[in-house]
file final.txt (compact mmCIF, C-alpha atoms and all ligand atoms)
# COMPACT_ATOMS: atom_id res chain seq x y z
CA MET A 1 11.31 8.81 22.36
CA LYS A 2 7.74 7.57 22.55
CA ALA A 3 7.23 4.41 20.47
CA VAL A 4 4.92 1.47 19.97
CA TYR A 5 6.91 -1.78 19.97
CA TYR A 6 6.82 -5.54 20.58
CA GLU A 7 9.40 -7.92 22.02
CA ALA A 8 7.84 -11.20 20.82
CA PHE A 9 5.55 -12.19 17.96
CA GLY A 10 1.82 -12.40 18.70
CA GLY A 11 -1.58 -10.71 18.60
CA PRO A 12 -2.38 -7.06 19.40
CA GLU A 13 -1.71 -7.80 23.11
CA VAL A 14 2.09 -7.95 22.52
CA LEU A 15 2.15 -4.24 21.62
CA LYS A 16 3.57 -1.87 24.20
CA VAL A 17 3.74 1.92 24.32
CA GLY A 18 6.88 3.23 25.99
CA ASP A 19 10.22 4.98 25.70
CA LEU A 20 12.97 3.72 23.39
CA PRO A 21 16.21 5.46 22.38
CA ALA A 22 15.80 7.79 19.39
CA PRO A 23 17.73 6.63 16.30
CA GLU A 24 20.74 8.50 14.88
CA PRO A 25 20.90 9.15 11.13
CA GLY A 26 23.70 7.20 9.42
CA SER A 27 25.54 8.13 6.24
CA GLY A 28 23.09 9.26 3.54
CA GLU A 29 20.17 9.16 5.98
CA VAL A 30 17.80 11.80 7.29
CA LEU A 31 16.21 11.88 10.74
CA VAL A 32 12.48 12.56 10.43
CA LYS A 33 10.25 13.72 13.28
CA VAL A 34 7.16 11.62 12.64
CA ALA A 35 3.85 13.50 12.46
CA ALA A 36 1.80 10.57 11.19
CA THR A 37 2.20 6.98 10.03
CA SER A 38 -0.27 4.59 8.47
CA VAL A 39 -1.29 1.02 9.22
CA ASN A 40 -0.63 -1.46 6.44
CA PRO A 41 -1.63 -5.15 6.61
CA VAL A 42 2.06 -6.06 6.55
CA ASP A 43 2.42 -4.42 10.00
CA TRP A 44 0.18 -6.99 11.72
CA LYS A 45 1.40 -9.84 9.50
CA LEU A 46 4.96 -9.13 10.71
CA ARG A 47 3.78 -8.77 14.32
CA GLU A 48 2.03 -12.18 14.13
CA GLY A 49 5.32 -13.72 12.93
CA PHE A 50 3.92 -14.68 9.49
CA PHE A 51 7.18 -13.52 7.86
CA ASP A 52 9.55 -15.05 10.43
CA GLY A 53 12.48 -16.43 8.44
CA ILE A 54 11.60 -14.28 5.41
CA PHE A 55 12.32 -10.78 6.73
CA PRO A 56 15.21 -10.57 9.21
CA HIS A 57 14.08 -8.88 12.43
CA GLN A 58 15.51 -7.74 15.74
CA PHE A 59 13.46 -7.20 18.91
CA PRO A 60 12.23 -4.82 20.14
CA VAL A 61 10.47 -4.18 16.84
CA ILE A 62 8.81 -0.82 16.20
CA PRO A 63 6.22 -1.53 13.47
CA GLY A 64 5.39 0.74 10.54
CA TRP A 65 6.73 1.44 7.06
CA ASP A 66 4.96 4.71 6.14
CA VAL A 67 5.97 8.13 7.43
CA ALA A 68 4.96 11.76 7.00
CA GLY A 69 6.85 14.32 9.06
CA THR A 70 9.59 16.91 9.19
CA VAL A 71 13.35 16.70 8.61
CA VAL A 72 15.18 17.39 11.89
CA GLN A 73 18.74 16.15 11.25
CA LEU A 74 20.91 15.22 8.26
CA GLY A 75 23.36 12.33 8.38
CA GLU A 76 26.80 12.55 6.82
CA GLY A 77 26.57 13.15 3.07
CA ALA A 78 22.80 13.74 3.08
CA HIS A 79 22.11 17.02 1.33
CA GLY A 80 18.89 16.67 -0.66
CA PHE A 81 16.54 17.99 2.03
CA ALA A 82 16.48 20.98 4.37
CA ILE A 83 15.93 20.98 8.12
CA GLY A 84 12.24 21.71 8.70
CA GLU A 85 11.14 20.42 5.27
CA ARG A 86 7.91 18.37 5.17
CA VAL A 87 8.64 14.93 3.73
CA TYR A 88 7.07 11.50 3.36
CA ALA A 89 8.38 8.03 2.57
CA TYR A 90 7.88 4.30 2.38
CA CYS A 91 10.83 3.28 4.55
CA ARG A 92 11.11 -0.50 4.71
CA LYS A 93 14.58 -1.43 5.90
CA PRO A 94 16.76 -4.55 5.42
CA VAL A 95 16.13 -5.54 9.08
CA VAL A 96 12.66 -5.14 10.60
CA GLN A 97 13.38 -3.19 13.78
CA ALA A 98 13.15 0.62 13.77
CA GLY A 99 9.83 1.45 12.11
CA THR A 100 7.57 4.46 11.98
CA TYR A 101 5.18 3.94 14.95
CA ALA A 102 7.46 6.29 16.89
CA GLU A 103 8.40 9.94 17.36
CA PHE A 104 11.51 9.68 15.16
CA VAL A 105 12.70 7.47 12.31
CA THR A 106 15.78 7.48 10.08
CA VAL A 107 15.21 7.23 6.33
CA PRO A 108 17.75 6.91 3.47
CA GLU A 109 17.35 10.21 1.66
CA ASP A 110 16.75 8.55 -1.71
CA HIS A 111 13.58 6.99 -0.25
CA LEU A 112 12.15 10.40 0.72
CA ALA A 113 10.13 12.91 -1.27
CA PRO A 114 8.63 16.30 -0.36
CA SER A 115 5.11 15.88 1.06
CA PRO A 116 2.33 17.14 -1.20
CA ALA A 117 1.77 20.76 -0.16
CA ASN A 118 -2.01 20.37 -0.31
CA LEU A 119 -2.18 17.33 2.02
CA SER A 120 -2.25 17.16 5.81
CA ASP A 121 0.37 14.94 7.45
CA ALA A 122 -2.31 12.31 8.11
CA GLU A 123 -3.31 12.29 4.44
CA ALA A 124 0.33 12.18 3.32
CA ALA A 125 1.15 9.22 5.59
CA ALA A 126 -1.54 7.17 3.83
CA ILE A 127 0.15 7.43 0.44
CA PRO A 128 3.73 6.05 0.16
CA LEU A 129 3.51 2.25 0.57
CA VAL A 130 0.25 1.80 -1.31
CA GLY A 131 1.13 4.45 -3.89
CA LEU A 132 4.49 2.88 -4.74
CA THR A 133 2.92 -0.59 -4.81
CA VAL A 134 0.42 0.57 -7.42
CA TRP A 135 3.00 2.51 -9.41
CA GLN A 136 5.35 -0.46 -9.57
CA SER A 137 2.56 -3.01 -10.25
CA LEU A 138 0.36 -1.25 -12.81
CA PHE A 139 2.86 0.94 -14.63
CA GLU A 140 6.41 -0.37 -14.09
CA PHE A 141 5.40 -4.02 -14.48
CA ALA A 142 2.04 -4.25 -16.27
CA ALA A 143 2.68 -1.16 -18.47
CA LEU A 144 -1.01 -0.21 -18.25
CA GLU A 145 -1.88 2.31 -20.98
CA LYS A 146 -4.62 4.66 -22.03
CA GLY A 147 -7.53 2.77 -23.60
CA GLN A 148 -6.72 -0.54 -21.88
CA SER A 149 -8.94 -2.32 -19.37
CA VAL A 150 -8.01 -3.27 -15.82
CA LEU A 151 -9.75 -5.29 -13.12
CA ILE A 152 -8.68 -4.18 -9.63
CA HIS A 153 -9.47 -6.52 -6.76
CA ALA A 154 -10.33 -5.05 -3.32
CA GLY A 155 -10.96 -1.62 -4.82
CA ALA A 156 -11.99 -0.08 -1.49
CA GLY A 157 -8.77 -0.95 0.36
CA GLY A 158 -5.62 1.15 0.58
CA VAL A 159 -3.96 -0.33 -2.51
CA GLY A 160 -7.25 -0.53 -4.41
CA SER A 161 -8.24 3.09 -3.69
CA MET A 162 -4.92 4.26 -5.08
CA ALA A 163 -4.97 1.80 -8.01
CA ILE A 164 -8.42 2.91 -9.21
CA GLN A 165 -7.41 6.57 -9.21
CA LEU A 166 -4.06 6.07 -10.93
CA ALA A 167 -5.49 3.70 -13.55
CA ALA A 168 -8.41 6.02 -14.33
CA HIS A 169 -6.04 8.98 -14.52
CA ALA A 170 -3.91 7.03 -17.03
CA GLY A 171 -7.01 6.65 -19.22
CA ALA A 172 -7.74 2.98 -18.52
CA ARG A 173 -11.24 1.53 -18.20
CA VAL A 174 -11.45 0.40 -14.57
CA PHE A 175 -13.50 -2.44 -13.10
CA ALA A 176 -13.16 -2.87 -9.32
CA THR A 177 -14.40 -5.49 -6.86
CA ALA A 178 -15.94 -4.27 -3.61
CA SER A 179 -18.79 -5.18 -1.28
CA ALA A 180 -22.11 -3.43 -1.99
CA ALA A 181 -21.50 -0.91 0.81
CA ASN A 182 -18.37 0.33 -0.99
CA ALA A 183 -19.76 0.41 -4.55
CA ASN A 184 -20.30 4.19 -4.63
CA TYR A 185 -16.89 4.76 -3.04
CA VAL A 186 -15.04 2.92 -5.84
CA LEU A 187 -17.18 4.56 -8.54
CA GLU A 188 -16.35 8.01 -7.11
CA LEU A 189 -12.64 7.14 -7.20
CA GLY A 190 -12.92 6.54 -10.96
CA ALA A 191 -14.05 2.96 -11.52
CA SER A 192 -16.58 2.63 -14.32
CA ARG A 193 -17.94 -0.63 -12.88
CA ALA A 194 -18.16 -1.83 -9.27
CA ILE A 195 -18.45 -5.62 -9.02
CA ASP A 196 -19.95 -6.98 -5.80
CA TYR A 197 -17.52 -9.84 -5.25
CA ARG A 198 -19.87 -11.43 -2.72
CA ILE A 199 -22.67 -12.10 -5.19
CA GLU A 200 -21.49 -11.50 -8.75
CA ASP A 201 -19.69 -14.11 -10.85
CA LEU A 202 -16.54 -12.52 -12.25
CA GLY A 203 -16.49 -14.93 -15.20
CA VAL A 204 -19.99 -13.86 -16.22
CA VAL A 205 -19.11 -10.14 -15.86
CA GLN A 206 -16.01 -10.63 -18.04
CA ARG A 207 -17.80 -12.65 -20.73
CA PHE A 208 -20.62 -10.08 -21.10
CA GLU A 209 -18.82 -6.81 -20.41
CA MET A 210 -15.20 -7.44 -21.47
CA PRO A 211 -15.49 -10.39 -23.89
CA SER A 212 -11.94 -10.05 -25.20
CA GLY A 213 -10.63 -10.34 -21.61
CA PHE A 214 -8.96 -7.73 -19.39
CA ASP A 215 -5.60 -6.32 -20.41
CA VAL A 216 -4.55 -6.27 -16.74
CA VAL A 217 -5.92 -7.96 -13.62
CA PHE A 218 -4.46 -6.69 -10.34
CA ASP A 219 -4.71 -9.33 -7.60
CA THR A 220 -4.44 -7.69 -4.19
CA VAL A 221 -6.04 -10.58 -2.29
CA GLY A 222 -4.38 -13.89 -3.22
CA GLY A 223 -5.60 -17.46 -2.61
CA ALA A 224 -8.93 -18.23 -4.30
CA VAL A 225 -9.05 -14.73 -5.78
CA LEU A 226 -5.75 -15.29 -7.60
CA ASP A 227 -7.06 -18.65 -8.87
CA GLN A 228 -9.96 -16.84 -10.53
CA CYS A 229 -7.75 -14.29 -12.31
CA TYR A 230 -6.23 -16.33 -15.17
CA PRO A 231 -9.34 -16.88 -17.36
CA LEU A 232 -10.41 -13.24 -16.95
CA LEU A 233 -7.32 -12.00 -18.82
CA ARG A 234 -6.90 -11.69 -22.57
CA THR A 235 -4.14 -13.78 -24.12
CA GLY A 236 -0.92 -11.85 -23.45
CA GLY A 237 -2.46 -9.86 -20.56
CA ALA A 238 -0.61 -8.89 -17.37
CA LEU A 239 -1.19 -10.17 -13.84
CA PRO A 240 0.57 -8.35 -10.99
CA ALA A 241 -0.19 -10.17 -7.71
CA LEU A 242 0.60 -8.93 -4.21
CA ASN A 243 0.14 -11.91 -1.91
CA ASP A 244 0.75 -15.19 -3.72
CA GLU A 245 3.03 -16.36 -6.51
CA PRO A 246 1.09 -16.72 -9.78
CA ASP A 247 1.02 -20.22 -11.28
CA ALA A 248 3.63 -20.27 -14.07
CA ALA A 249 2.00 -23.17 -15.94
CA ARG A 250 -1.43 -21.49 -16.05
CA CYS A 251 0.19 -18.25 -17.21
CA SER A 252 2.21 -19.87 -19.99
CA GLU A 253 -0.93 -21.59 -21.39
CA ARG A 254 -2.25 -18.14 -22.34
CA ASP A 255 0.98 -16.16 -22.58
CA ILE A 256 0.09 -14.16 -19.46
CA ARG A 257 2.86 -12.00 -18.00
CA ALA A 258 2.65 -12.42 -14.23
CA LEU A 259 4.70 -11.23 -11.28
CA ARG A 260 4.41 -11.42 -7.54
CA VAL A 261 5.23 -7.78 -6.83
CA PHE A 262 7.18 -6.82 -3.74
CA SER A 263 7.08 -3.03 -3.63
CA GLU A 264 10.33 -1.15 -3.14
CA PRO A 265 10.95 2.20 -1.43
CA ASN A 266 11.69 4.76 -4.12
CA GLY A 267 11.86 8.54 -3.66
CA ALA A 268 11.82 9.21 -7.42
CA HIS A 269 8.55 7.29 -7.90
CA LEU A 270 7.12 9.07 -4.86
CA ARG A 271 7.93 12.46 -6.42
CA HIS A 272 5.68 11.49 -9.38
CA LEU A 273 2.86 10.88 -6.90
CA THR A 274 3.53 14.21 -5.15
CA ALA A 275 3.21 15.97 -8.51
CA LEU A 276 -0.04 14.16 -9.38
CA ILE A 277 -1.52 15.02 -5.98
CA GLU A 278 -0.48 18.68 -6.18
CA ASP A 279 -1.97 18.88 -9.71
CA GLY A 280 -5.27 17.54 -8.33
CA ALA A 281 -5.06 14.43 -10.54
CA LEU A 282 -4.92 12.21 -7.47
CA LYS A 283 -7.15 12.85 -4.45
CA PRO A 284 -6.12 12.11 -0.87
CA LEU A 285 -7.41 8.73 0.33
CA GLU A 286 -10.19 8.50 2.87
CA VAL A 287 -8.42 8.20 6.23
CA GLN A 288 -9.56 7.21 9.70
CA SER A 289 -7.12 8.59 12.31
CA PHE A 290 -6.12 7.21 15.70
CA PRO A 291 -3.60 8.48 18.26
CA LEU A 292 -0.35 6.47 18.25
CA GLU A 293 -1.30 5.01 21.65
CA GLU A 294 -4.26 3.24 19.98
CA ALA A 295 -2.07 1.35 17.49
CA ALA A 296 -3.33 -2.00 18.81
CA GLN A 297 -6.96 -1.11 18.05
CA ALA A 298 -6.05 0.21 14.60
CA MET A 299 -4.03 -2.91 13.74
CA ALA A 300 -6.90 -5.12 14.93
CA LEU A 301 -9.24 -3.24 12.61
CA SER A 302 -6.82 -3.72 9.71
CA GLN A 303 -6.64 -7.43 10.53
CA GLU A 304 -10.44 -7.74 10.11
CA GLY A 305 -9.83 -7.05 6.39
CA HIS A 306 -12.51 -4.46 5.61
CA VAL A 307 -10.82 -1.09 5.99
CA ARG A 308 -12.01 1.52 3.48
CA GLY A 309 -9.16 3.80 2.41
CA LYS A 310 -6.46 3.91 5.09
CA LEU A 311 -5.98 3.86 8.86
CA VAL A 312 -3.58 6.52 10.12
CA LEU A 313 -1.80 6.97 13.46
CA LYS A 314 -1.09 10.52 14.57
CA VAL A 315 2.10 10.77 16.61
N1 LIG B 401 3.52 -7.34 -2.09
C1 LIG B 401 3.50 -6.06 -1.75
O1 LIG B 401 4.45 -5.32 -1.98
C2 LIG B 401 2.25 -5.51 -1.07
C3 LIG B 401 2.11 -4.13 -0.95
C4 LIG B 401 0.93 -3.62 -0.40
C5 LIG B 401 -0.04 -4.51 0.06
N2 LIG B 401 0.16 -5.83 -0.03
C6 LIG B 401 -0.89 -6.77 0.40
O2 LIG B 401 -2.02 -6.53 -0.43
C7 LIG B 401 -3.22 -6.72 0.31
C8 LIG B 401 -4.09 -5.47 0.16
O3 LIG B 401 -3.47 -4.40 0.86
P1 LIG B 401 -4.34 -3.14 1.30
O4 LIG B 401 -3.42 -2.22 2.00
O5 LIG B 401 -5.14 -2.65 0.17
O6 LIG B 401 -5.32 -3.85 2.35
P2 LIG B 401 -6.62 -3.27 3.05
O7 LIG B 401 -6.65 -1.79 2.89
O8 LIG B 401 -6.67 -3.82 4.42
O9 LIG B 401 -7.79 -3.92 2.18
C9 LIG B 401 -9.07 -3.91 2.74
C10 LIG B 401 -10.10 -4.04 1.63
O10 LIG B 401 -10.10 -5.37 1.12
C11 LIG B 401 -11.40 -5.62 0.62
N3 LIG B 401 -11.59 -7.06 0.51
C12 LIG B 401 -11.40 -7.98 1.47
N4 LIG B 401 -11.60 -9.22 0.95
C13 LIG B 401 -11.90 -9.05 -0.37
C14 LIG B 401 -12.20 -9.93 -1.46
N5 LIG B 401 -12.26 -11.27 -1.28
N6 LIG B 401 -12.45 -9.41 -2.67
C15 LIG B 401 -12.44 -8.08 -2.87
N7 LIG B 401 -12.18 -7.18 -1.88
C16 LIG B 401 -11.89 -7.68 -0.65
C17 LIG B 401 -12.31 -4.95 1.61
O11 LIG B 401 -13.44 -4.50 0.91
P3 LIG B 401 -14.93 -4.75 1.46
O12 LIG B 401 -14.97 -4.17 2.84
O13 LIG B 401 -15.78 -4.04 0.45
O14 LIG B 401 -15.09 -6.25 1.49
C18 LIG B 401 -11.49 -3.76 2.13
O15 LIG B 401 -11.91 -2.52 1.59
C19 LIG B 401 -2.80 -7.04 1.72
O16 LIG B 401 -2.81 -8.44 1.89
C20 LIG B 401 -1.37 -6.52 1.81
O17 LIG B 401 -0.59 -7.18 2.77
C21 LIG B 401 1.29 -6.37 -0.58

call {"tool": "encode", "arguments": {"input": "final.txt", "output": "structure tokens", "more": "lines below"}}
Ligand SMILES: NC(=O)c1ccc[n+]([C@@H]2O[C@H](COP(=O)([O-])OP(=O)(O)OC[C@H]3O[C@@H](n4cnc5c(N)ncnc54)[C@H](OP(=O)(O)O)[C@@H]3O)[C@@H](O)[C@H]2O)c1
result
Amino acid sequence: MKAVYYEAFGGPEVLKVGDLPAPEPGSGEVLVKVAATSVNPVDWKLREGFFDGIFPHQFPVIPGWDVAGTVVQLGEGAHGFAIGERVYAYCRKPVVQAGTYAEFVTVPEDHLAPSPANLSDAEAAAIPLVGLTVWQSLFEFAALEKGQSVLIHAGAGGVGSMAIQLAAHAGARVFATASAANANYVLELGASRAIDYRIEDLGVVQRFEMPSGFDVVFDTVGGAVLDQCYPLLRTGGALPALNDEPDAARCSERDIRALRVFSEPNGAHLRHLTALIEDGALKPLEVQSFPLEEAAQAMALSQEGHVRGKLVLKV
């Protein structure tokens, strides 16, 4: 099968496009013919070797954790999906090796969900990883509720675009950080306030516009951005963080519940998202599509850190 792969860690130049053997579905797995996949920052972080020693890997590595496609074969005991059914999934595996930048991928059937009927394959491929990350961060962990306030960092990115929509749909008051060029984009997604993180002081915004502090701050950036989060929260607020471990001492000073979230594949959670999308409560993300052969260019763009919405590879 056609696949993008690498045989050593490095920059975009280590990526090759070639033929690799197609995978066979194991017990409880489904073989999916990939129509589209999306680029997530973790794809280039893994390729650079940033997670060497954290995630087990085996070369050649086919990158990619998101898939939208069609069921073509059922492994032993897999019975929840029909041949020809349109499906999508976040399909991270215990060993980083056989990803979704390829014509075929195997997926445990409990990680799959039917694709939203009103989305193209490219739009569907943009949803699973970021959608499950938001679901598990804002609702499973932070228990964000109607009437609460949430500050979402990097509102224009893949996670942020999904977080703004899901938080606004849940009835929360949403503040989102974005550069000035993306202010209208985050407002249209449902934020009530776009904060230009390049020029505005978050502490001043919080003191004047949310004096009691945010109920939830979602850190999708890490580093200095995570450092700024603690004083923005109300006492007892929640801090899901995606890149760095929150500081336990700073959290305990103000009774902040914090967690470094590591999103999990989950077909049941994905079915909730399918329903919200089919009901029109959640809009497809803005996607920029590339052919699979241009994976290196797409990953380089992701690495620059200013993607709006999602980058998608059509297979
Ligand atoms: N732990 C997990 O399970 C998990 C899951 C998903 C993602 N992640 C991580 O979470 C991060 C976000 O993922 P993503 O898919 O949303 O990435 P992304 O789509 O590449 O995010 C790009 C966005 O980040 C914004 N941005 C960059 N620097 C910023 C800053 N200092 N403040 C505010 N916005 C900033 C940019 O907005 P402007 O162009 O307006 O600057 C751009 O729209 C990545 O590091 C990813 O690896 C972790």

call {"tool": "residues_around", "arguments": {"input": "final.txt", "residues": "stretch 116-131 of chain A", "least_positions_apart": "5", "cutoff": "7 Å", "atoms": "all atoms listed in the file", "output": "list in words"}}
result
Ala35, Ala36, Thr37, Ser38, Asp66, Val67, Ala68, Gly69, Tyr88, Ala89, Tyr90, Gly158, Val159, Met162, Leu270, Thr274, Ile277, Glu278, Pro284, Leu285, Val287, Lys310, Val312 and Lys314 of chain A

call {"tool": "closest_atom_pairs", "arguments": {"input": "final.txt", "of": "chain A", "to": "ligand LIG 401 (chain B)", "cutoff": "8 Å", "atoms": "only C-alpha atoms and all ligand atoms", "output": "CSV"}}
result
residue,atom,partner,partner_atom,distance
A:Asn40,CA,B:LIG401,O4,5.3
A:Pro41,CA,B:LIG401,O17,4.5
A:Val42,CA,B:LIG401,O17,4.8
A:Lys45,CA,B:LIG401,O17,7.5
A:Leu129,CA,B:LIG401,C4,6.5
A:Val130,CA,B:LIG401,C4,5.5
A:Thr133,CA,B:LIG401,C3,5.3
A:His153,CA,B:LIG401,C15,5.1
A:Ala154,CA,B:LIG401,N7,3.2
A:Gly155,CA,B:LIG401,N7,6.4
A:Ala156,CA,B:LIG401,O15,3.9
A:Gly157,CA,B:LIG401,O7,3.4
A:Gly158,CA,B:LIG401,O5,3.9
A:Val159,CA,B:LIG401,O5,3.7
A:Gly160,CA,B:LIG401,O5,5.5
A:Ser161,CA,B:LIG401,O5,7.6
A:Thr177,CA,B:LIG401,C15,5.1
A:Ala178,CA,B:LIG401,O13,4.1
A:Ser179,CA,B:LIG401,O13,3.7
A:Ala180,CA,B:LIG401,O13,6.8
A:Ala181,CA,B:LIG401,O13,6.5
A:Asn182,CA,B:LIG401,O13,5.3
A:Ala183,CA,B:LIG401,O13,7.8
A:Tyr197,CA,B:LIG401,N6,5.7
A:Arg198,CA,B:LIG401,N6,7.7
A:Thr220,CA,B:LIG401,O2,4.6
A:Val221,CA,B:LIG401,C7,5.4
A:Gly222,CA,B:LIG401,O16,7.6
A:Val225,CA,B:LIG401,N5,6.5
A:Ala241,CA,B:LIG401,N1,7.3
A:Leu242,CA,B:LIG401,N1,3.9
A:Asn243,CA,B:LIG401,N1,5.7
A:Arg260,CA,B:LIG401,N1,6.9
A:Val261,CA,B:LIG401,N1,5.1
A:Phe262,CA,B:LIG401,O1,3.6
A:Ser263,CA,B:LIG401,O1,3.9
A:Glu264,CA,B:LIG401,O1,7.3
A:Ser302,CA,B:LIG401,O8,5.3
A:Gln303,CA,B:LIG401,O8,7.1
A:Glu304,CA,B:LIG401,O8,7.9
A:Gly305,CA,B:LIG401,C9,4.9
A:His306,CA,B:LIG401,C18,3.7
A:Val307,CA,B:LIG401,C9,4.6
A:Arg308,CA,B:LIG401,O15,4.5
A:Gly309,CA,B:LIG401,O7,6.1
A:Lys310,CA,B:LIG401,O7,6.1

call {"tool": "closest_residue", "arguments": {"input": "final.txt", "among": "A:Gly49, A:Gly75, A:Gly99, A:Gly267", "to": "A:Ala8", "atoms": "only C-alpha atoms"}}
result
A:Gly49

call {"tool": "closest_residue", "arguments": {"input": "final.txt", "among": "A:Val61, A:Pro56, A:Gln297, A:Pro21", "to": "A:Glu7", "atoms": "all atoms listed in the file"}}
result
A:Val61

call {"tool": "axis_aligned_box", "arguments": {"input": "final.txt", "around": "stretch 300-306 of chain A", "padding_each_side": "5 Å", "output": "AutoDock Vina command-line options"}}
result
--center_x -9.6 --center_y -5.5 --center_z 10.3 --size_x 15.9 --size_y 14.5 --size_z 19.3

call {"tool": "residues_around", "arguments": {"input": "final.txt", "residues": "A:Gln73", "least_positions_apart": "3", "cutoff": "9 Å", "atoms": "all atoms listed in the file", "output": "PyMOL selection string"}}
result
chain A and resi 24-25+29-32+82-84

call {"tool": "closest_residue", "arguments": {"input": "final.txt", "among": "A:Pro246, A:Gly11, A:Gly26, A:Gly80", "to": "A:Trp44", "atoms": "all atoms listed in the file"}}
result
A:Gly11

call {"tool": "atom_distance", "arguments": {"input": "final.txt", "atom1": "atom CA of A:Lys283", "atom2": "atom CA of A:Ala191"}}
result
14.0 Å

call {"tool": "closest_residue", "arguments": {"input": "final.txt", "among": "A:Val134, A:Ala258, A:Glu200, A:His169", "to": "A:Asp279", "atoms": "only C-alpha atoms"}}
result
A:His169

call {"tool": "residues_around", "arguments": {"input": "final.txt", "residues": "A:Thr70", "least_positions_apart": "5", "cutoff": "7 Å", "atoms": "all atoms listed in the file", "output": "JSON, numbers by chain"}}
result
{"A": [32, 33, 34, 84, 85, 86, 87]}

call {"tool": "write_last_selection", "arguments": {"input": "final.txt", "atoms": "C-alpha atoms", "output": "short mmCIF file (atom, residue, chain, number, x, y, z; two decimals), in the coordinates of the input"}}
result
data_model
loop_
_atom_site.label_atom_id
_atom_site.label_comp_id
_atom_site.auth_asym_id
_atom_site.auth_seq_id
_atom_site.Cartn_x
_atom_site.Cartn_y
_atom_site.Cartn_z
CA VAL A 32 12.48 12.56 10.43
CA LYS A 33 10.25 13.72 13.28
CA VAL A 34 7.16 11.62 12.64
CA GLY A 84 12.24 21.71 8.70
CA GLU A 85 11.14 20.42 5.27
CA ARG A 86 7.91 18.37 5.17
CA VAL A 87 8.64 14.93 3.73
#

call {"tool": "closest_residue", "arguments": {"input": "final.txt", "among": "A:Met210, A:Val216, A:Asp227, A:Cys91", "to": "A:Ile256", "atoms": "all atoms listed in the file"}}
result
A:Val216

call {"tool": "closest_residue", "arguments": {"input": "final.txt", "among": "A:Val95, A:Ala224, A:Leu189, A:Ala102", "to": "A:Asp19", "atoms": "all atoms listed in the file"}}
result
A:Ala102

call {"tool": "atom_distance", "arguments": {"input": "final.txt", "atom1": "atom CA of A:Glu293", "atom2": "atom CA of A:Phe51"}}
result
24.6 Å

call {"tool": "residues_around", "arguments": {"input": "final.txt", "residues": "A:Leu233", "least_positions_apart": "5", "cutoff": "12 Å", "atoms": "all atoms listed in the file", "output": "ChimeraX atom specification"}}
result
/A:148-151,202-203,206-207,210-219,226-228,238-240,250-251,253-258

call {"tool": "atom_distance", "arguments": {"input": "final.txt", "atom1": "atom CA of A:Phe104", "atom2": "atom CA of A:Val315"}}
result
9.6 Å

call {"tool": "decode", "arguments": {"input": "final.txt", "residues": "stretch 248-259 of chain A", "atoms": "N, CA and C atoms", "output": "PDB file, in the first residue's frame"}}
result
ATOM      1  N   ALA A 248       2.014  21.366  41.261  1.00  0.00           N
ATOM      2  CA  ALA A 248       1.109  20.924  42.339  1.00  0.00           C
ATOM      3  C   ALA A 248       1.084  21.924  43.493  1.00  0.00           C
ATOM      4  N   ALA A 249       2.227  22.530  43.819  1.00  0.00           N
ATOM      5  CA  ALA A 249       2.267  23.456  44.954  1.00  0.00           C
ATOM      6  C   ALA A 249       1.431  24.701  44.650  1.00  0.00           C
ATOM      7  N   ARG A 250       1.568  25.234  43.439  1.00  0.00           N
ATOM      8  CA  ARG A 250       0.796  26.440  43.088  1.00  0.00           C
ATOM      9  C   ARG A 250      -0.698  26.122  43.049  1.00  0.00           C
ATOM     10  N   CYS A 251      -1.036  24.915  42.638  1.00  0.00           N
ATOM     11  CA  CYS A 251      -2.459  24.528  42.598  1.00  0.00           C
ATOM     12  C   CYS A 251      -3.014  24.389  44.005  1.00  0.00           C
ATOM     13  N   SER A 252      -2.251  23.774  44.901  1.00  0.00           N
ATOM     14  CA  SER A 252      -2.800  23.522  46.241  1.00  0.00           C
ATOM     15  C   SER A 252      -2.982  24.831  47.007  1.00  0.00           C
ATOM     16  N   GLU A 253      -2.159  25.853  46.709  1.00  0.00           N
ATOM     17  CA  GLU A 253      -2.330  27.162  47.383  1.00  0.00           C
ATOM     18  C   GLU A 253      -3.752  27.684  47.217  1.00  0.00           C
ATOM     19  N   ARG A 254      -4.366  27.403  46.034  1.00  0.00           N
ATOM     20  CA  ARG A 254      -5.688  27.976  45.754  1.00  0.00           C
ATOM     21  C   ARG A 254      -6.707  26.884  45.461  1.00  0.00           C
ATOM     22  N   ASP A 255      -6.382  25.659  45.881  1.00  0.00           N
ATOM     23  CA  ASP A 255      -7.342  24.561  45.742  1.00  0.00           C
ATOM     24  C   ASP A 255      -7.737  24.325  44.289  1.00  0.00           C
ATOM     25  N   ILE A 256      -6.805  24.530  43.378  1.00  0.00           N
ATOM     26  CA  ILE A 256      -7.083  24.342  41.950  1.00  0.00           C
ATOM     27  C   ILE A 256      -6.963  22.858  41.615  1.00  0.00           C
ATOM     28  N   ARG A 257      -7.951  22.343  40.887  1.00  0.00           N
ATOM     29  CA  ARG A 257      -7.872  20.959  40.400  1.00  0.00           C
ATOM     30  C   ARG A 257      -7.159  21.012  39.070  1.00  0.00           C
ATOM     31  N   ALA A 258      -6.029  20.335  38.944  1.00  0.00           N
ATOM     32  CA  ALA A 258      -5.267  20.406  37.695  1.00  0.00           C
ATOM     33  C   ALA A 258      -4.897  19.014  37.227  1.00  0.00           C
ATOM     34  N   LEU A 259      -4.794  18.865  35.910  1.00  0.00           N
ATOM     35  CA  LEU A 259      -4.402  17.570  35.339  1.00  0.00           C
ATOM     36  C   LEU A 259      -3.695  17.803  34.020  1.00  0.00           C
TER      37      LEU A 259
END
